[in-house]
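Enquirer: So I've got this file, run_13.tsv, and it contains TSV, C-alpha atoms and all ligand atoms:
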```
chain	number	residue	atom	x	y	z
A	15	MET	CA	-0.16	6.10	29.53
A	16	LYS	CA	-1.86	4.74	26.44
A	17	VAL	CA	-3.65	7.66	24.82
A	18	THR	CA	-6.60	7.16	22.54
A	19	GLU	CA	-8.47	10.42	23.07
A	20	ALA	CA	-6.91	13.80	22.47
A	21	GLU	CA	-8.47	16.99	21.15
A	22	LEU	CA	-7.60	20.64	20.78
A	23	VAL	CA	-10.07	22.38	23.09
A	24	ILE	CA	-9.01	25.98	22.65
A	25	SER	CA	-6.27	28.24	21.36
A	26	ALA	CA	-6.11	30.93	24.01
A	27	VAL	CA	-4.37	34.26	24.27
A	28	ARG	CA	-6.15	35.82	27.24
A	29	GLN	CA	-6.76	34.34	30.68
A	30	GLU	CA	-10.54	34.35	30.27
A	31	GLN	CA	-10.09	31.96	27.35
A	32	TYR	CA	-8.32	29.25	29.34
A	33	PRO	CA	-10.56	26.20	29.73
A	34	GLU	CA	-12.70	25.88	32.83
A	35	GLY	CA	-12.52	22.95	35.21
A	36	HIS	CA	-9.78	21.50	37.32
A	37	LEU	CA	-7.87	19.09	35.12
A	38	PRO	CA	-4.12	19.27	35.72
A	39	GLU	CA	-2.04	20.91	33.02
A	40	ILE	CA	1.40	20.14	31.61
A	41	ALA	CA	2.92	22.95	29.55
A	42	LEU	CA	5.41	22.31	26.75
A	43	ALA	CA	8.04	24.91	26.05
A	44	GLY	CA	11.00	25.05	23.70
A	45	ARG	CA	12.60	27.05	20.95
A	46	SER	CA	10.98	27.04	17.54
A	47	ASN	CA	11.79	23.96	15.49
A	48	VAL	CA	13.18	22.04	18.48
A	49	GLY	CA	10.65	19.26	17.91
A	50	LYS	CA	7.91	20.29	20.33
A	51	SER	CA	4.96	19.43	18.09
A	52	SER	CA	6.55	16.10	17.21
A	53	PHE	CA	7.03	15.43	20.92
A	54	ILE	CA	3.34	16.12	21.64
A	55	ASN	CA	2.18	14.00	18.73
A	56	LYS	CA	4.40	11.09	19.77
A	57	MET	CA	3.21	11.28	23.37
A	58	ILE	CA	-0.45	11.13	22.30
A	59	ASN	CA	-0.02	8.70	19.41
A	60	ARG	CA	-1.08	11.13	16.71
A	61	LYS	CA	0.51	11.83	13.40
A	62	ALA	CA	-0.35	15.51	13.34
A	63	LEU	CA	-2.69	16.79	16.02
A	64	ALA	CA	-0.24	19.41	17.21
A	65	ARG	CA	0.77	21.64	14.31
A	66	THR	CA	4.38	21.15	13.37
A	67	SER	CA	6.71	24.05	12.71
A	68	SER	CA	4.30	26.90	13.40
A	69	LYS	CA	5.60	29.86	11.46
A	70	PRO	CA	6.47	33.23	12.94
A	71	GLY	CA	3.97	35.96	12.22
A	72	LYS	CA	1.04	33.65	12.94
A	73	THR	CA	-1.05	34.44	16.00
A	74	GLN	CA	0.79	33.15	19.02
A	75	THR	CA	-1.57	31.16	21.17
A	76	LEU	CA	-1.55	28.72	24.04
A	77	ASN	CA	-3.05	25.55	22.63
A	78	PHE	CA	-4.89	23.41	25.17
A	79	TYR	CA	-5.08	19.72	24.21
A	80	LYS	CA	-7.33	17.63	26.41
A	81	ILE	CA	-5.97	14.12	26.88
A	82	GLU	CA	-8.25	11.26	27.94
A	83	ASN	CA	-10.32	13.65	30.07
A	84	LYS	CA	-7.44	13.42	32.51
A	85	LEU	CA	-5.07	16.29	31.78
A	86	TYR	CA	-4.23	19.05	29.35
A	87	PHE	CA	-1.08	19.47	27.32
A	88	VAL	CA	-0.61	23.19	26.88
A	89	ASP	CA	1.49	23.95	23.83
A	90	VAL	CA	3.36	27.19	24.37
A	91	PRO	CA	4.52	28.99	21.21
A	92	GLY	CA	8.20	28.41	20.49
A	93	TYR	CA	10.80	31.05	21.26
A	94	GLY	CA	13.98	32.09	19.56
A	95	PHE	CA	12.85	33.17	16.11
A	96	ALA	CA	15.32	35.86	15.04
A	97	LYS	CA	12.79	37.48	12.74
A	98	VAL	CA	10.13	38.18	15.38
A	99	SER	CA	9.75	41.86	16.26
A	100	LYS	CA	10.42	43.25	19.71
A	101	LYS	CA	6.72	43.99	20.10
A	102	GLU	CA	5.81	40.39	19.27
A	103	ARG	CA	8.42	39.07	21.69
A	104	GLU	CA	7.04	41.25	24.47
A	105	LYS	CA	3.52	40.03	23.75
A	106	TRP	CA	4.77	36.43	23.86
A	107	GLY	CA	6.56	37.12	27.15
A	108	ARG	CA	3.49	38.60	28.80
A	109	MET	CA	1.29	35.72	27.68
A	110	ILE	CA	3.70	33.06	28.98
A	111	GLU	CA	4.40	34.89	32.20
A	112	THR	CA	0.70	35.37	32.95
A	113	TYR	CA	-0.07	31.74	32.25
A	114	MET	CA	2.89	30.16	34.00
A	115	THR	CA	2.90	32.30	37.11
A	116	SER	CA	-0.83	32.35	37.81
A	117	ARG	CA	-2.37	29.13	36.53
A	118	LYS	CA	-3.21	26.91	39.50
A	119	GLN	CA	-3.78	23.86	37.27
A	120	LEU	CA	-0.22	24.01	35.90
A	121	LYS	CA	1.67	21.08	37.43
A	122	THR	CA	4.85	20.95	35.41
A	123	VAL	CA	6.57	22.54	32.46
A	124	VAL	CA	8.35	20.24	30.03
A	125	LEU	CA	11.29	22.18	28.64
A	126	ILE	CA	12.31	20.65	25.34
A	127	VAL	CA	15.88	20.99	24.13
A	128	ASP	CA	17.77	19.52	21.18
A	129	VAL	CA	20.16	16.85	22.45
A	130	ARG	CA	22.51	17.37	19.49
A	131	HIS	CA	23.56	20.86	20.59
A	132	PRO	CA	24.18	22.55	23.92
A	133	PRO	CA	21.05	24.37	25.14
A	134	THR	CA	20.78	27.88	23.67
A	135	ASN	CA	20.81	31.11	25.59
A	136	ASP	CA	17.02	31.24	25.23
A	137	ASP	CA	16.76	27.71	26.68
A	138	CYS	CA	18.78	28.85	29.70
A	139	LEU	CA	16.59	31.96	30.12
A	140	MET	CA	13.48	29.78	30.09
A	141	TYR	CA	14.94	27.37	32.64
A	142	ASN	CA	16.01	30.26	34.89
A	143	PHE	CA	12.55	31.78	34.60
A	144	LEU	CA	11.00	28.49	35.78
A	145	LYS	CA	13.44	28.26	38.67
A	146	TYR	CA	12.85	31.88	39.68
A	147	TYR	CA	9.09	31.31	39.94
A	148	LYS	CA	9.56	27.85	41.45
A	149	ILE	CA	7.57	26.22	38.67
A	150	PRO	CA	8.24	22.46	38.61
A	151	CYS	CA	9.84	21.27	35.40
A	152	ILE	CA	11.48	18.43	33.57
A	153	VAL	CA	13.87	18.75	30.66
A	154	VAL	CA	13.35	16.58	27.61
A	155	ALA	CA	16.35	16.25	25.31
A	156	THR	CA	14.85	15.29	21.99
A	157	LYS	CA	16.12	14.09	18.59
A	158	ALA	CA	18.18	11.38	20.31
A	159	ASP	CA	17.98	9.27	17.14
A	160	LYS	CA	20.10	11.88	15.39
A	161	ILE	CA	23.21	11.10	17.44
A	162	PRO	CA	24.84	7.72	18.07
A	163	LYS	CA	23.88	5.98	21.29
A	164	GLY	CA	27.49	6.09	22.45
A	165	LYS	CA	27.29	9.89	22.60
A	166	TRP	CA	24.06	10.17	24.55
A	167	ALA	CA	25.65	10.38	27.99
A	168	SER	CA	28.15	13.09	27.08
A	169	HIS	CA	25.47	15.19	25.34
A	170	LEU	CA	23.20	14.89	28.37
A	171	LYS	CA	26.08	15.99	30.56
A	172	THR	CA	26.66	19.05	28.38
A	173	ALA	CA	22.96	19.91	28.51
A	174	LYS	CA	22.92	19.60	32.30
A	175	GLU	CA	26.01	21.75	32.69
A	176	THR	CA	24.89	24.41	30.24
A	177	LEU	CA	21.50	24.78	31.90
A	178	ASN	CA	23.05	24.53	35.33
A	179	LEU	CA	20.38	21.94	36.02
A	180	GLU	CA	19.45	21.56	39.66
A	181	LYS	CA	19.71	18.12	41.26
A	182	GLU	CA	15.97	17.79	41.75
A	183	ASP	CA	15.28	18.29	38.03
A	184	GLU	CA	15.09	15.35	35.70
A	185	ILE	CA	16.46	15.32	32.19
A	186	ILE	CA	15.07	12.61	29.92
A	187	LEU	CA	16.38	11.58	26.55
A	188	PHE	CA	13.69	11.41	23.86
A	189	SER	CA	13.10	10.66	20.21
A	190	SER	CA	9.91	11.34	18.32
A	191	GLU	CA	11.20	9.05	15.62
A	192	THR	CA	11.83	5.93	17.72
A	193	GLY	CA	9.73	6.60	20.83
A	194	GLU	CA	12.85	6.48	23.01
A	195	GLY	CA	12.02	7.96	26.42
A	196	LYS	CA	8.27	8.07	25.90
A	197	ASP	CA	7.39	5.71	28.76
A	198	LYS	CA	9.82	7.47	31.06
A	199	VAL	CA	8.33	10.87	30.33
A	200	TRP	CA	4.78	9.58	30.83
A	201	ALA	CA	5.77	7.98	34.14
A	202	SER	CA	7.26	11.24	35.33
A	203	LEU	CA	4.25	13.27	34.22
A	204	MET	CA	1.78	10.88	35.87
A	205	GLU	CA	3.64	11.28	39.17
A	206	ARG	CA	3.38	15.03	38.82
A	207	ILE	CA	-0.36	15.20	38.21
A	208	LYS	CA	-1.32	12.84	41.02
A	301	LIG	P1	8.46	22.56	16.65
A	301	LIG	O1	8.61	23.80	15.82
A	301	LIG	O2	9.25	22.66	17.90
A	301	LIG	O3	7.05	22.15	16.89
A	301	LIG	O4	9.21	21.39	15.84
A	301	LIG	P2	8.63	20.19	14.96
A	301	LIG	O5	7.99	19.16	15.81
A	301	LIG	O6	7.84	20.76	13.85
A	301	LIG	O7	9.99	19.56	14.42
A	301	LIG	C1	10.92	20.30	13.64
A	301	LIG	C2	11.62	19.34	12.68
A	301	LIG	O8	12.40	18.39	13.42
A	301	LIG	C3	10.67	18.52	11.83
A	301	LIG	O9	11.24	18.37	10.56
A	301	LIG	C4	10.59	17.18	12.55
A	301	LIG	O10	10.29	16.11	11.71
A	301	LIG	C5	11.98	17.06	13.13
A	301	LIG	N1	12.00	16.28	14.39
A	301	LIG	C6	11.32	16.55	15.51
A	301	LIG	N2	11.58	15.65	16.48
A	301	LIG	C7	12.46	14.77	15.95
A	301	LIG	C8	13.11	13.59	16.46
A	301	LIG	O11	12.96	13.16	17.63
A	301	LIG	N3	13.95	12.94	15.60
A	301	LIG	C9	14.17	13.37	14.32
A	301	LIG	N4	15.01	12.68	13.55
A	301	LIG	N5	13.57	14.47	13.81
A	301	LIG	C10	12.73	15.16	14.62
```
Once you've parsed the file, please lay out its structure as structure tokens.
Ligand code: GDP
Expert:
Amino acid sequence: MKVTEAELVISAVRQEQYPEGHLPEIALAGRSNVGKSSFINKMINRKALARTSSKPGKTQTLNFYKIENKLYFVDVPGYGFAKVSKKEREKWGRMIETYMTSRKQLKTVVLIVDVRHPPTNDDCLMYNFLKYYKIPCIVVATKADKIPKGKWASHLKTAKETLNLEKEDEIILFSSETGEGKDKVWASLMERIK
């Protein structure tokens, strides 16, 4: 999809703050610093609409970006910051769980992992959470430009094995630097919001 219109509609914490209407939603999840904001910006052709590297300690919100009046990207705060307190982590967990398990408009979660390294324990927990609640998902393995092309297949294999990826779930190689995988991800998302 060629995106020309994209705007942040609301940063929500509570359910009553989620936007009204029936547009389908795609949520983006991943550990902090994995490249989630860069992924969003690349997908919507913006340099910096989604904030990059949101720091811990800031209010953790679900950011709803309306795209072309057609769908929302819902940016979920990153997980895996060692410095975040237990209380903050619990708050994060409740917010994500409420959103992901009850939001009718949610069509798919894009789980973003770093293709250079095997998925982390937190990545596996997130994937298992999605499977447990039967929430459709795709895995995007980003930062592909940081490893040689010849290693892509073996890194994807490691990611699949570490996550214990189910057959029905796609994993797509991506790079926010080169745009690798962008068309593939859009094609998959468009199928899912039909
Ligand atoms: P977030 O915390 O998950 O939103 O991560 P960011 O999007 O802020 O990215 C973290 C860092 O990784 C930044 O320095 C980005 O420039 C860099 N980065 C993100 N995606 C890519 C990518 O596909 N390729 C390369 N080379 N760097 C990336």
Enquirer: Pick from A:Ala158, A:Ser116, A:Ile58, A:Val124: nearest to Arg206 (chain A), with only C-alpha atoms counted?
Expert: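 Nearest to Arg206 (chain A): A:Val124.
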Enquirer: Give one line per residue of chain A that approaches ligand LIG 301 (chain A) to at most 7 Å, naming the two atoms of the closest pair and their distance in Å to one decimal, counting only C-alpha atoms and all ligand atoms; sort by chain then ascending residue number and deliver it as a Markdown table.
Expert:
```
| residue | atom | partner | partner_atom | distance |
| --- | --- | --- | --- | --- |
| A:Gly44 | CA | A:LIG301 | O2 | 6.5 |
| A:Arg45 | CA | A:LIG301 | O2 | 6.3 |
| A:Ser46 | CA | A:LIG301 | O1 | 4.4 |
| A:Asn47 | CA | A:LIG301 | O1 | 3.2 |
| A:Val48 | CA | A:LIG301 | O2 | 4.0 |
| A:Gly49 | CA | A:LIG301 | O4 | 3.3 |
| A:Lys50 | CA | A:LIG301 | O2 | 3.6 |
| A:Ser51 | CA | A:LIG301 | O3 | 3.6 |
| A:Ser52 | CA | A:LIG301 | O5 | 3.7 |
| A:Phe53 | CA | A:LIG301 | N2 | 6.4 |
| A:Arg65 | CA | A:LIG301 | O3 | 6.8 |
| A:Thr66 | CA | A:LIG301 | O6 | 3.5 |
| A:Ser67 | CA | A:LIG301 | O1 | 3.7 |
| A:Ser68 | CA | A:LIG301 | O1 | 5.8 |
| A:Gly92 | CA | A:LIG301 | O2 | 6.4 |
| A:Thr156 | CA | A:LIG301 | O11 | 5.2 |
| A:Lys157 | CA | A:LIG301 | O11 | 3.4 |
| A:Ala158 | CA | A:LIG301 | O11 | 6.1 |
| A:Asp159 | CA | A:LIG301 | N3 | 5.7 |
| A:Lys160 | CA | A:LIG301 | N4 | 5.5 |
| A:Phe188 | CA | A:LIG301 | O11 | 6.5 |
| A:Ser189 | CA | A:LIG301 | O11 | 3.6 |
| A:Ser190 | CA | A:LIG301 | O11 | 3.6 |
| A:Glu191 | CA | A:LIG301 | N3 | 4.8 |
```
Enquirer: List every residue of region 82-167 of chain A that has an atom at most 12 Å from any atom of region 20-29 of chain A, and for each one report the closest atom pair and its distance in Å to one decimal, counting all atoms listed in the file, with rows sorted by chain and then by increasing residue number, as a Markdown table.
Expert:
```
| residue | atom | partner | partner_atom | distance |
| --- | --- | --- | --- | --- |
| A:Glu82 | CA | A:Ala20 | CA | 6.2 |
| A:Asn83 | CA | A:Ala20 | CA | 8.3 |
| A:Lys84 | CA | A:Ala20 | CA | 10.1 |
| A:Leu85 | CA | A:Ala20 | CA | 9.8 |
| A:Tyr86 | CA | A:Ala20 | CA | 9.1 |
| A:Phe87 | CA | A:Leu22 | CA | 9.3 |
| A:Val88 | CA | A:Ser25 | CA | 9.4 |
| A:Asp89 | CA | A:Ser25 | CA | 9.2 |
| A:Val90 | CA | A:Ser25 | CA | 10.1 |
| A:Pro91 | CA | A:Val27 | CA | 10.8 |
| A:Lys105 | CA | A:Val27 | CA | 9.8 |
| A:Trp106 | CA | A:Val27 | CA | 9.4 |
| A:Gly107 | CA | A:Val27 | CA | 11.7 |
| A:Arg108 | CA | A:Val27 | CA | 10.1 |
| A:Met109 | CA | A:Val27 | CA | 6.8 |
| A:Ile110 | CA | A:Val27 | CA | 9.4 |
| A:Glu111 | CA | A:Gln29 | CA | 11.3 |
| A:Thr112 | CA | A:Gln29 | CA | 7.9 |
| A:Tyr113 | CA | A:Gln29 | CA | 7.3 |
| A:Met114 | CA | A:Gln29 | CA | 11.0 |
| A:Thr115 | CA | A:Gln29 | CA | 11.8 |
| A:Ser116 | CA | A:Gln29 | CA | 9.5 |
| A:Arg117 | CA | A:Gln29 | CA | 9.0 |
```
Enquirer: Please identify every residue of region 106-168 of chain A that has at least one atom no farther than 7 Å from an atom of region 180-186 of chain A, counting all atoms listed in the file, and for each give the shortest atom pair and the distance in Å to one decimal, arranged by chain then increasing number, as CSV.
Expert:
```
residue,atom,partner,partner_atom,distance
A:Cys151,CA,A:Asp183,CA,6.7
A:Ile152,CA,A:Glu184,CA,5.2
A:Val153,CA,A:Ile185,CA,4.6
A:Val154,CA,A:Ile186,CA,4.9
A:Ala155,CA,A:Ile186,CA,6.0
```
Enquirer: When distances are computed from all atoms listed in the file, which of A:Lys196, A:Arg130, A:Lys61, A:Lys56 shows the smallest separation from Leu170 (chain A)?
Expert: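 Ranked by minimum distance to Leu170 (chain A), first place goes to A:Arg130.
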Enquirer: Closest to Leu63 (chain A) among A:His169, A:Lys100, A:Thr134, A:Glu19, using all atoms listed in the file?
Expert: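 Using all atoms listed in the file, Leu63 (chain A) sits closest to A:Glu19.
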Enquirer: So what do you get for CA of Pro150 (chain A) versus CA of Cys138 (chain A), distance-wise?
Expert: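 Computing it gives 15.2 Å between the two atoms.
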Enquirer: Put region 102-140 of chain A into a file with C-alpha atoms, as a short mmCIF file (atom, residue, chain, number, x, y, z; two decimals), in the first residue's frame.
Expert:
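Ended up saving to part-v4.cif:
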```
data_model
loop_
_atom_site.label_atom_id
_atom_site.label_comp_id
_atom_site.auth_asym_id
_atom_site.auth_seq_id
_atom_site.Cartn_x
_atom_site.Cartn_y
_atom_site.Cartn_z
CA GLU A 102 5.56 -0.55 35.85
CA ARG A 103 5.86 -3.96 34.24
CA GLU A 104 2.58 -5.05 35.78
CA LYS A 105 0.89 -1.89 34.55
CA TRP A 106 2.27 -2.55 31.07
CA GLY A 107 1.05 -6.15 31.21
CA ARG A 108 -2.47 -5.17 32.20
CA MET A 109 -2.70 -2.55 29.48
CA ILE A 110 -1.52 -4.94 26.75
CA GLU A 111 -3.64 -7.80 27.97
CA THR A 112 -6.78 -5.67 28.13
CA TYR A 113 -6.20 -4.30 24.65
CA MET A 114 -5.15 -7.49 22.92
CA THR A 115 -7.71 -9.81 24.45
CA SER A 116 -10.76 -7.58 24.18
CA ARG A 117 -10.37 -5.30 21.18
CA LYS A 118 -12.68 -6.49 18.41
CA GLN A 119 -10.97 -4.29 15.81
CA LEU A 120 -7.59 -5.95 16.38
CA LYS A 121 -6.88 -8.09 13.31
CA THR A 122 -3.24 -9.02 13.72
CA VAL A 123 -0.25 -8.41 15.92
CA VAL A 124 3.08 -7.85 14.20
CA LEU A 125 5.75 -9.21 16.51
CA ILE A 126 9.05 -7.58 15.67
CA VAL A 127 12.30 -9.38 16.40
CA ASP A 128 15.93 -8.61 15.61
CA VAL A 129 17.12 -10.96 12.87
CA ARG A 130 20.74 -10.71 14.05
CA HIS A 131 20.09 -12.54 17.32
CA PRO A 132 17.86 -15.41 18.39
CA PRO A 133 14.54 -14.14 19.79
CA THR A 134 14.81 -13.27 23.49
CA ASN A 135 12.93 -14.89 26.31
CA ASP A 136 10.56 -11.91 26.31
CA ASP A 137 9.95 -12.38 22.57
CA CYS A 138 9.00 -16.00 23.23
CA LEU A 139 6.68 -14.98 26.09
CA MET A 140 4.94 -12.50 23.81
#
```
